[in-house]
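Shown next: input25.cif, given as mmCIF, C-alpha atoms.
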data_protein
#
loop_
_atom_site.label_atom_id
_atom_site.label_comp_id
_atom_site.auth_asym_id
_atom_site.auth_seq_id
_atom_site.Cartn_x
_atom_site.Cartn_y
_atom_site.Cartn_z
CA MET A 1 41.42 84.05 -42.96
CA GLU A 2 38.98 83.54 -40.10
CA LEU A 3 38.45 79.89 -39.24
CA VAL A 4 36.22 80.42 -36.20
CA ALA A 5 32.49 80.91 -36.76
CA ASP A 6 31.00 84.25 -35.69
CA CYS A 7 27.22 83.85 -35.90
CA SER A 8 26.68 87.53 -35.05
CA ARG A 9 28.05 88.41 -38.50
CA CYS A 10 26.14 85.75 -40.44
CA LEU A 11 22.58 85.53 -41.77
CA GLY A 12 21.95 82.10 -40.25
CA LEU A 13 23.05 80.45 -43.49
CA CYS A 14 23.48 76.99 -42.01
CA CYS A 15 19.86 77.23 -40.77
CA VAL A 16 18.65 77.84 -44.31
CA LEU A 17 21.00 76.39 -46.89
CA LEU A 18 21.90 73.06 -45.30
CA PRO A 19 19.54 70.02 -45.31
CA PHE A 20 19.12 67.51 -42.52
CA ALA A 21 16.99 64.43 -41.88
CA ARG A 22 15.08 63.34 -38.81
CA SER A 23 17.41 61.12 -36.81
CA ALA A 24 19.23 60.91 -33.49
CA GLU A 25 20.91 64.18 -34.51
CA PHE A 26 17.86 66.13 -35.71
CA ALA A 27 14.25 66.24 -34.50
CA PHE A 28 12.72 66.79 -37.95
CA ASP A 29 13.44 66.89 -41.68
CA LYS A 30 14.58 70.05 -43.43
CA ALA A 31 15.38 70.46 -47.12
CA ALA A 32 18.25 72.56 -48.45
CA GLY A 33 17.02 76.12 -48.90
CA GLU A 34 14.19 75.69 -46.40
CA THR A 35 14.39 77.97 -43.37
CA CYS A 36 14.62 76.11 -40.08
CA ARG A 37 11.52 76.58 -37.93
CA HIS A 38 13.73 77.74 -35.07
CA LEU A 39 15.50 80.54 -36.94
CA ALA A 40 14.47 83.89 -35.46
CA ALA A 41 14.00 87.19 -37.29
CA ASP A 42 17.44 88.37 -36.17
CA HIS A 43 19.02 85.36 -37.95
CA ARG A 44 19.89 83.67 -34.66
CA CYS A 45 18.74 80.30 -33.36
CA GLY A 46 15.69 80.63 -31.13
CA ILE A 47 16.54 77.51 -29.13
CA HIS A 48 20.34 77.71 -29.12
CA ALA A 49 20.62 77.17 -25.36
CA ARG A 50 18.34 74.11 -25.59
CA LEU A 51 19.44 72.46 -28.82
CA ARG A 52 20.35 69.11 -27.29
CA GLU A 53 17.22 68.80 -25.20
CA LYS A 54 15.17 69.67 -28.28
CA GLY A 55 16.72 66.82 -30.25
CA MET A 56 19.01 69.01 -32.36
CA ARG A 57 22.40 67.59 -31.41
CA GLY A 58 23.60 67.96 -34.98
CA CYS A 59 23.10 71.72 -34.79
CA ALA A 60 24.86 71.91 -31.44
CA ALA A 61 27.92 70.24 -32.96
CA TYR A 62 27.92 72.09 -36.29
CA ASP A 63 30.68 74.52 -37.21
CA CYS A 64 31.21 76.32 -40.53
CA PHE A 65 34.89 77.12 -39.94
CA GLY A 66 34.09 80.82 -40.33
CA ALA A 67 32.66 80.53 -43.84
CA GLY A 68 29.30 81.99 -42.79
CA GLN A 69 30.52 85.44 -41.88
CA SER A 70 32.93 85.43 -44.83
CA VAL A 71 30.30 85.01 -47.53
CA THR A 72 27.77 87.17 -45.68
CA GLY A 73 30.22 90.05 -45.47
CA THR A 74 31.20 89.80 -49.13
CA GLY A 75 27.74 89.17 -50.60
CA ARG A 76 28.54 85.67 -51.82
CA VAL A 77 25.90 83.73 -49.90
CA GLU A 78 25.31 81.42 -52.86
CA HIS A 79 28.85 80.10 -52.48
CA PHE A 80 28.55 79.28 -48.79
CA ARG A 81 28.91 75.50 -49.10
CA LEU A 82 31.98 75.70 -51.34
CA VAL A 83 33.66 78.32 -49.17
CA GLU A 84 32.93 76.20 -46.11
CA GLN A 85 34.87 73.34 -47.69
CA VAL A 86 37.81 75.63 -48.42
CA HIS A 87 37.83 76.89 -44.83
CA GLU A 88 37.82 73.30 -43.58
CA ILE A 89 40.81 72.51 -45.80
CA ALA A 90 42.56 75.58 -44.40
CA TRP A 91 41.87 74.34 -40.86
CA TYR A 92 43.69 71.09 -41.58
CA LEU A 93 46.55 72.98 -43.20
CA GLY A 94 46.89 74.89 -39.93
CA ASP A 95 47.52 71.58 -38.16
CA ALA A 96 50.06 70.61 -40.80
CA ALA A 97 51.87 73.94 -40.45
CA GLY A 98 52.00 73.42 -36.69
CA ARG A 99 53.85 70.15 -37.35
CA GLY A 100 56.48 71.89 -39.44
CA ALA A 101 55.09 71.10 -42.90
CA ASP A 102 55.79 73.67 -45.61
CA VAL A 103 52.23 74.51 -46.61
CA ALA A 104 52.53 78.27 -47.09
CA GLY A 105 51.77 77.99 -50.80
CA LEU A 106 48.71 75.83 -50.22
CA VAL A 107 47.47 78.19 -47.53
CA GLU A 108 47.77 81.10 -49.95
CA GLU A 109 45.78 79.15 -52.54
CA ALA A 110 43.09 78.35 -49.98
CA GLU A 111 42.87 81.98 -48.92
CA ALA A 112 42.54 83.14 -52.52
CA LEU A 113 39.90 80.53 -53.34
CA ALA A 114 37.93 81.34 -50.19
CA VAL A 115 37.43 84.95 -51.31
CA ALA A 116 37.11 84.29 -55.05
CA ALA A 117 34.08 85.86 -56.70
CA HIS A 118 33.16 82.58 -58.39
CA PRO A 119 34.68 79.54 -56.65
CA SER A 120 33.86 76.22 -58.29
CA SER A 121 33.62 72.66 -57.04
CA ALA A 122 36.33 71.69 -59.53
CA LEU A 123 38.76 74.20 -58.02
CA VAL A 124 37.92 73.06 -54.49
CA GLU A 125 38.46 69.41 -55.41
CA ASP A 126 41.74 70.24 -57.12
CA LEU A 127 42.98 71.96 -53.98
CA ARG A 128 41.78 69.08 -51.80
CA SER A 129 43.57 66.54 -54.01
CA ARG A 130 46.88 68.37 -53.53
CA VAL A 131 46.40 68.92 -49.81
CA ALA A 132 45.47 65.29 -49.05
CA PRO A 133 48.94 63.76 -49.58
CA VAL A 134 50.50 66.52 -47.47
CA LEU A 135 48.17 65.70 -44.58
CA ARG A 136 48.90 61.99 -44.96
CA GLU A 137 52.62 62.64 -44.82
CA VAL A 138 52.23 64.75 -41.68
CA ALA A 139 50.31 61.91 -40.03
CA ARG A 140 52.84 59.33 -41.22
CA ALA A 141 55.71 61.35 -39.77
CA ALA A 142 53.85 61.80 -36.49
CA ARG A 143 53.42 58.05 -35.96
CA ALA A 144 56.89 57.12 -37.20
CA SER A 145 58.32 57.16 -33.68
CA TYR A 146 55.89 54.48 -32.45
CA ALA A 147 56.86 50.83 -32.83
CA SER A 148 53.49 49.46 -33.91
CA PRO A 149 50.79 52.14 -33.87
CA LEU A 150 47.22 50.94 -34.27
CA SER A 151 46.08 50.96 -37.90
CA ALA A 152 42.31 51.43 -37.83
CA ALA A 153 41.51 53.85 -40.64
CA GLY A 154 37.83 53.52 -41.51
CA ALA A 155 37.32 50.84 -38.85
CA ASP A 156 33.95 50.17 -37.23
CA LEU A 157 34.64 50.93 -33.57
CA VAL A 158 31.09 51.84 -32.63
CA ALA A 159 30.60 51.59 -28.85
CA ALA A 160 34.06 50.01 -28.49
CA ASP A 161 35.81 50.13 -25.14
CA LEU A 162 39.24 51.48 -26.09
CA ARG A 163 40.50 52.37 -22.65
CA ARG A 164 43.17 49.66 -22.67
CA GLU A 165 44.35 50.35 -26.23
CA ASP A 166 47.54 52.25 -26.93
CA LEU A 167 46.23 54.89 -29.33
CA ARG A 168 49.33 57.04 -29.48
CA GLY A 169 50.10 57.59 -33.16
CA ALA A 170 47.05 55.53 -34.14
CA ASP A 171 45.60 55.87 -37.63
CA LEU A 172 41.93 56.51 -36.85
CA ARG A 173 41.23 58.46 -40.01
CA GLY A 174 37.56 58.05 -40.94
CA ALA A 175 36.99 55.53 -38.14
CA LEU A 176 33.51 55.11 -36.67
CA LEU A 177 34.02 55.93 -33.00
CA ILE A 178 30.36 56.59 -32.28
CA GLU A 179 29.69 56.17 -28.53
CA ALA A 180 33.19 54.73 -28.08
CA ASP A 181 34.67 54.69 -24.59
CA LEU A 182 37.85 56.77 -24.80
CA ARG A 183 38.06 57.77 -21.15
CA GLY A 184 41.61 58.51 -20.12
CA VAL A 185 43.02 57.42 -23.48
CA ASP A 186 46.19 59.07 -24.81
CA LEU A 187 45.54 60.22 -28.40
CA THR A 188 48.88 61.96 -28.86
CA ASP A 189 49.84 61.96 -32.57
CA ALA A 190 46.69 60.02 -33.48
CA ASP A 191 45.21 60.89 -36.89
CA LEU A 192 41.53 61.76 -36.33
CA LEU A 193 40.79 63.31 -39.70
CA GLY A 194 37.14 62.55 -40.49
CA ALA A 195 36.68 60.23 -37.50
CA ASP A 196 33.07 60.07 -36.31
CA LEU A 197 33.11 60.83 -32.58
CA ARG A 198 29.38 61.31 -32.02
CA GLY A 199 28.47 60.33 -28.49
CA ALA A 200 32.02 59.24 -27.62
CA ASP A 201 33.24 59.67 -24.05
CA LEU A 202 36.58 61.52 -24.00
CA ARG A 203 36.56 62.25 -20.31
CA ASP A 204 40.14 62.74 -19.10
CA ALA A 205 41.45 61.81 -22.57
CA GLN A 206 44.66 63.40 -23.80
CA ALA A 207 43.94 64.77 -27.26
CA SER A 208 45.90 68.02 -27.08
CA ALA A 209 48.44 66.69 -29.61
CA ALA A 210 46.00 64.67 -31.73
CA LEU A 211 45.93 65.46 -35.44
CA PHE A 212 43.18 67.13 -37.47
CA VAL A 213 40.59 67.52 -34.70
CA THR A 214 37.73 69.95 -35.41
CA ARG A 215 35.07 71.78 -33.44
CA ARG A 216 32.47 69.61 -35.11
CA GLN A 217 34.06 66.49 -33.70
CA LEU A 218 34.41 67.82 -30.17
CA GLY A 219 30.94 69.34 -30.34
CA SER A 220 29.47 65.92 -31.07
CA VAL A 221 31.03 63.94 -28.22
CA GLN A 222 29.15 62.97 -25.08
CA VAL A 223 31.92 64.20 -22.77
CA ARG A 224 34.80 66.41 -23.92
CA PRO A 225 38.33 66.11 -22.61
CA GLY A 226 39.40 68.81 -20.17
CA ASP A 227 41.15 71.95 -21.40
CA GLU A 228 44.58 70.39 -20.91
CA GLY A 229 43.53 67.44 -23.05
CA THR A 230 42.09 69.59 -25.84
CA PRO A 231 44.06 70.99 -28.80
CA ARG A 232 45.01 74.57 -27.94
CA ARG A 233 43.05 76.21 -30.73
CA LEU A 234 39.91 74.32 -29.73
CA ARG A 235 39.91 75.22 -26.06
CA ARG A 236 36.85 77.14 -25.01
#

Will you turn the file into structure tokens for me?
Amino acid sequence: MELVADCSRCLGLCCVLLPFARSAEFAFDKAAGETCRHLAADHRCGIHARLREKGMRGCAAYDCFGAGQSVTGTGRVEHFRLVEQVHEIAWYLGDAAGRGADVAGLVEEAEALAVAAHPSSALVEDLRSRVAPVLREVARAARASYASPLSAAGADLVAADLRREDLRGADLRGALLIEADLRGVDLTDADLLGADLRGADLRDAQASAALFVTRRQLGSVQVRPGDEGTPRRLRR
């Protein structure tokens, strides 16, 4: 199961099927099913090298977890958004497996659902509901060795200066870390599932052993950590 996007084998599905609204992330509105004005005839982005300067930061950060080439190659374009969700679930299961969790059965289910002829939202949600407690247990076990790890799940930490905080083993799941100052911070064993890192500064941060980090998150930050501070499977 490929979990890395390969745009050369996709029909530019994200540029057609996904909607976005004019904001700090996008320069204009686009409805679902409407072809982006920048999509070229070869199904590639015509301004890919200039996305940020053109006000399309959201596109620069976007990642489909490999779902694009999967549905393109199997003629299941209409299921792109569901398959994308399954691939994202599989990505998190990869993190769990790396922490010693027995998720082989769940991975097999994800792989089967990802290539199913007719995946449904009900099946995806059922899988997600069974994966969620496994991911929570992995995060709980990771922070168990810390005396009093920060509990900030869902917290509003927009533009917060967190350089003096001990974030090892922190629960930052779903936290708003937009434009947060995380320079030099140690995020070892921190749970970052769903954390919003848009515009955050992770210069010299140590996130190589952080949990549930995605390309979307690192693609949205202002400054990435160096290679040594980046999870191995997300290094450039």

- Message: Need the shell around stretch 77-94 of chain A: protein/DNA/RNA residues with any atom at most 6 Å away, counting only C-alpha atoms. Skip same-chain ones fewer than 2 positions apart. Format as a PyMOL selection string?
- Response: chain A and resi 64-65+67+71-72+75+96-97+114+212

Restricted to C-alpha atoms, what would the selected residues look like written as a PDB file, in the coordinates of the input?
ATOM      1  CA  CYS A  64      31.210  76.320 -40.530  1.00  0.00           C
ATOM      2  CA  PHE A  65      34.890  77.120 -39.940  1.00  0.00           C
ATOM      3  CA  ALA A  67      32.660  80.530 -43.840  1.00  0.00           C
ATOM      4  CA  VAL A  71      30.300  85.010 -47.530  1.00  0.00           C
ATOM      5  CA  THR A  72      27.770  87.170 -45.680  1.00  0.00           C
ATOM      6  CA  GLY A  75      27.740  89.170 -50.600  1.00  0.00           C
ATOM      7  CA  ALA A  96      50.060  70.610 -40.800  1.00  0.00           C
ATOM      8  CA  ALA A  97      51.870  73.940 -40.450  1.00  0.00           C
ATOM      9  CA  ALA A 114      37.930  81.340 -50.190  1.00  0.00           C
ATOM     10  CA  PHE A 212      43.180  67.130 -37.470  1.00  0.00           C
TER      11      PHE A 212
END

- Note on the structure: Shortest contact to A:Ser70, candidates A:Val185, A:Cys45, A:Leu176, A:Cys7, atoms counted only C-alpha atoms, goes to A:Cys7

- Message: Would you pick out the contacts of A:Asp201 at 8 Å or less, using only C-alpha atoms, so that residues sharing its chain but fewer than 6 positions from it are not included, and give the list as number ranges by chain?
- Response: A: 179-183, 221-224

Residue subset to file, keeping C-alpha atoms, as an mmCIF file, keeping the file's coordinate frame:
data_model
loop_
_atom_site.group_PDB
_atom_site.id
_atom_site.type_symbol
_atom_site.label_atom_id
_atom_site.label_comp_id
_atom_site.auth_asym_id
_atom_site.auth_seq_id
_atom_site.Cartn_x
_atom_site.Cartn_y
_atom_site.Cartn_z
ATOM 1 C CA GLU A 179 29.690 56.170 -28.530
ATOM 2 C CA ALA A 180 33.190 54.730 -28.080
ATOM 3 C CA ASP A 181 34.670 54.690 -24.590
ATOM 4 C CA LEU A 182 37.850 56.770 -24.800
ATOM 5 C CA ARG A 183 38.060 57.770 -21.150
ATOM 6 C CA VAL A 221 31.030 63.940 -28.220
ATOM 7 C CA GLN A 222 29.150 62.970 -25.080
ATOM 8 C CA VAL A 223 31.920 64.200 -22.770
ATOM 9 C CA ARG A 224 34.800 66.410 -23.920
#

- Query: What separation in Å, quoted to one decimal, exists between atom CA of A:Ala175 and atom CA of A:Ala195?
  - Reply: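 Atom CA of A:Ala175 sits 4.8 Å away from atom CA of A:Ala195.
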
- Item | Gap from atom CA of A:Gln217 to atom CA of A:Gly194 - Å, one decimal |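 Going from atom CA of A:Gln217 over to atom CA of A:Gly194, I get 8.4 Å.
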
- Task: Please identify all polymer residues within 7 Å of A:Ala153, counting only C-alpha atoms, omitting same-chain residues fewer than 4 positions from it, and present them as a ChimeraX atom specification.
- Result: /A:171-175

- Item | Residues selected by the PyMOL selection byres ((chain A and resi 125) around 12), written as a list in words | Leu82, Val83, Gln85, Val86, Ile89, Ala110, Leu113, Pro119, Ser120, Ser121, Ala122, Leu123, Val124, Asp126, Leu127, Arg128, Ser129, Arg130, Val131 and Ala132 of chain A

My structure is short of atoms at stretch 8-32 of chain A; please model N, CA, C and O atoms there, returning them as a tab-separated table (two decimals), in the frame of the given file.
chain	number	residue	atom	x	y	z
A	8	SER	N	27.21	86.17	-35.11
A	8	SER	CA	26.68	87.53	-35.05
A	8	SER	C	26.89	88.29	-36.36
A	8	SER	O	26.27	89.31	-36.60
A	9	ARG	N	27.77	87.76	-37.22
A	9	ARG	CA	28.05	88.41	-38.50
A	9	ARG	C	27.57	87.56	-39.67
A	9	ARG	O	28.01	87.74	-40.80
A	10	CYS	N	26.66	86.65	-39.40
A	10	CYS	CA	26.14	85.75	-40.44
A	10	CYS	C	24.62	85.87	-40.50
A	10	CYS	O	23.98	86.33	-39.54
A	11	LEU	N	24.03	85.46	-41.59
A	11	LEU	CA	22.58	85.53	-41.77
A	11	LEU	C	21.90	84.20	-41.44
A	11	LEU	O	20.83	83.92	-41.97
A	12	GLY	N	22.54	83.40	-40.60
A	12	GLY	CA	21.95	82.10	-40.25
A	12	GLY	C	21.95	81.17	-41.45
A	12	GLY	O	21.00	80.40	-41.65
A	13	LEU	N	23.02	81.21	-42.24
A	13	LEU	CA	23.05	80.45	-43.49
A	13	LEU	C	22.92	78.96	-43.28
A	13	LEU	O	22.26	78.26	-44.07
A	14	CYS	N	23.57	78.43	-42.24
A	14	CYS	CA	23.48	76.99	-42.01
A	14	CYS	C	22.04	76.58	-41.69
A	14	CYS	O	21.64	75.44	-41.96
A	15	CYS	N	21.26	77.51	-41.14
A	15	CYS	CA	19.86	77.23	-40.77
A	15	CYS	C	18.92	77.30	-41.97
A	15	CYS	O	17.74	76.98	-41.84
A	16	VAL	N	19.46	77.73	-43.10
A	16	VAL	CA	18.65	77.84	-44.31
A	16	VAL	C	19.18	76.94	-45.43
A	16	VAL	O	18.44	76.16	-46.01
A	17	LEU	N	20.44	77.05	-45.71
A	17	LEU	CA	21.00	76.39	-46.89
A	17	LEU	C	21.28	74.91	-46.73
A	17	LEU	O	21.29	74.17	-47.72
A	18	LEU	N	21.52	74.46	-45.51
A	18	LEU	CA	21.90	73.06	-45.30
A	18	LEU	C	20.68	72.17	-45.02
A	18	LEU	O	19.79	72.56	-44.27
A	19	PRO	N	20.64	70.96	-45.58
A	19	PRO	CA	19.54	70.02	-45.31
A	19	PRO	C	19.89	69.13	-44.12
A	19	PRO	O	21.05	68.98	-43.77
A	20	PHE	N	18.88	68.57	-43.49
A	20	PHE	CA	19.12	67.51	-42.52
A	20	PHE	C	17.88	66.62	-42.45
A	20	PHE	O	16.79	67.01	-42.90
A	21	ALA	N	18.07	65.41	-41.94
A	21	ALA	CA	16.99	64.43	-41.88
A	21	ALA	C	16.71	64.04	-40.44
A	21	ALA	O	17.62	64.00	-39.61
A	22	ARG	N	15.47	63.75	-40.16
A	22	ARG	CA	15.08	63.34	-38.81
A	22	ARG	C	15.88	62.10	-38.40
A	22	ARG	O	15.92	61.10	-39.13
A	23	SER	N	16.52	62.19	-37.26
A	23	SER	CA	17.41	61.12	-36.81
A	23	SER	C	17.76	61.38	-35.35
A	23	SER	O	17.15	62.24	-34.69
A	24	ALA	N	18.76	60.67	-34.86
A	24	ALA	CA	19.23	60.91	-33.49
A	24	ALA	C	19.86	62.29	-33.38
A	24	ALA	O	20.00	62.82	-32.27
A	25	GLU	N	20.25	62.87	-34.52
A	25	GLU	CA	20.91	64.18	-34.51
A	25	GLU	C	19.95	65.34	-34.73
A	25	GLU	O	20.23	66.46	-34.32
A	26	PHE	N	18.81	65.07	-35.38
A	26	PHE	CA	17.86	66.13	-35.71
A	26	PHE	C	16.43	65.67	-35.43
A	26	PHE	O	16.08	64.52	-35.71
A	27	ALA	N	15.61	66.60	-34.92
A	27	ALA	CA	14.25	66.24	-34.50
A	27	ALA	C	13.26	66.21	-35.66
A	27	ALA	O	12.15	65.69	-35.51
A	28	PHE	N	13.64	66.75	-36.81
A	28	PHE	CA	12.72	66.79	-37.95
A	28	PHE	C	13.51	66.91	-39.24
A	28	PHE	O	14.73	67.13	-39.22
A	29	ASP	N	12.81	66.75	-40.37
A	29	ASP	CA	13.44	66.89	-41.68
A	29	ASP	C	13.47	68.35	-42.11
A	29	ASP	O	12.55	69.11	-41.80
A	30	LYS	N	14.51	68.72	-42.82
A	30	LYS	CA	14.58	70.05	-43.43
A	30	LYS	C	15.33	69.96	-44.75
A	30	LYS	O	16.41	69.38	-44.82
A	31	ALA	N	14.74	70.49	-45.81
A	31	ALA	CA	15.38	70.46	-47.12
A	31	ALA	C	16.36	71.62	-47.27
A	31	ALA	O	16.24	72.65	-46.59
A	32	ALA	N	17.32	71.47	-48.15
A	32	ALA	CA	18.25	72.56	-48.45
A	32	ALA	C	17.46	73.75	-49.00
A	32	ALA	O	16.60	73.59	-49.86
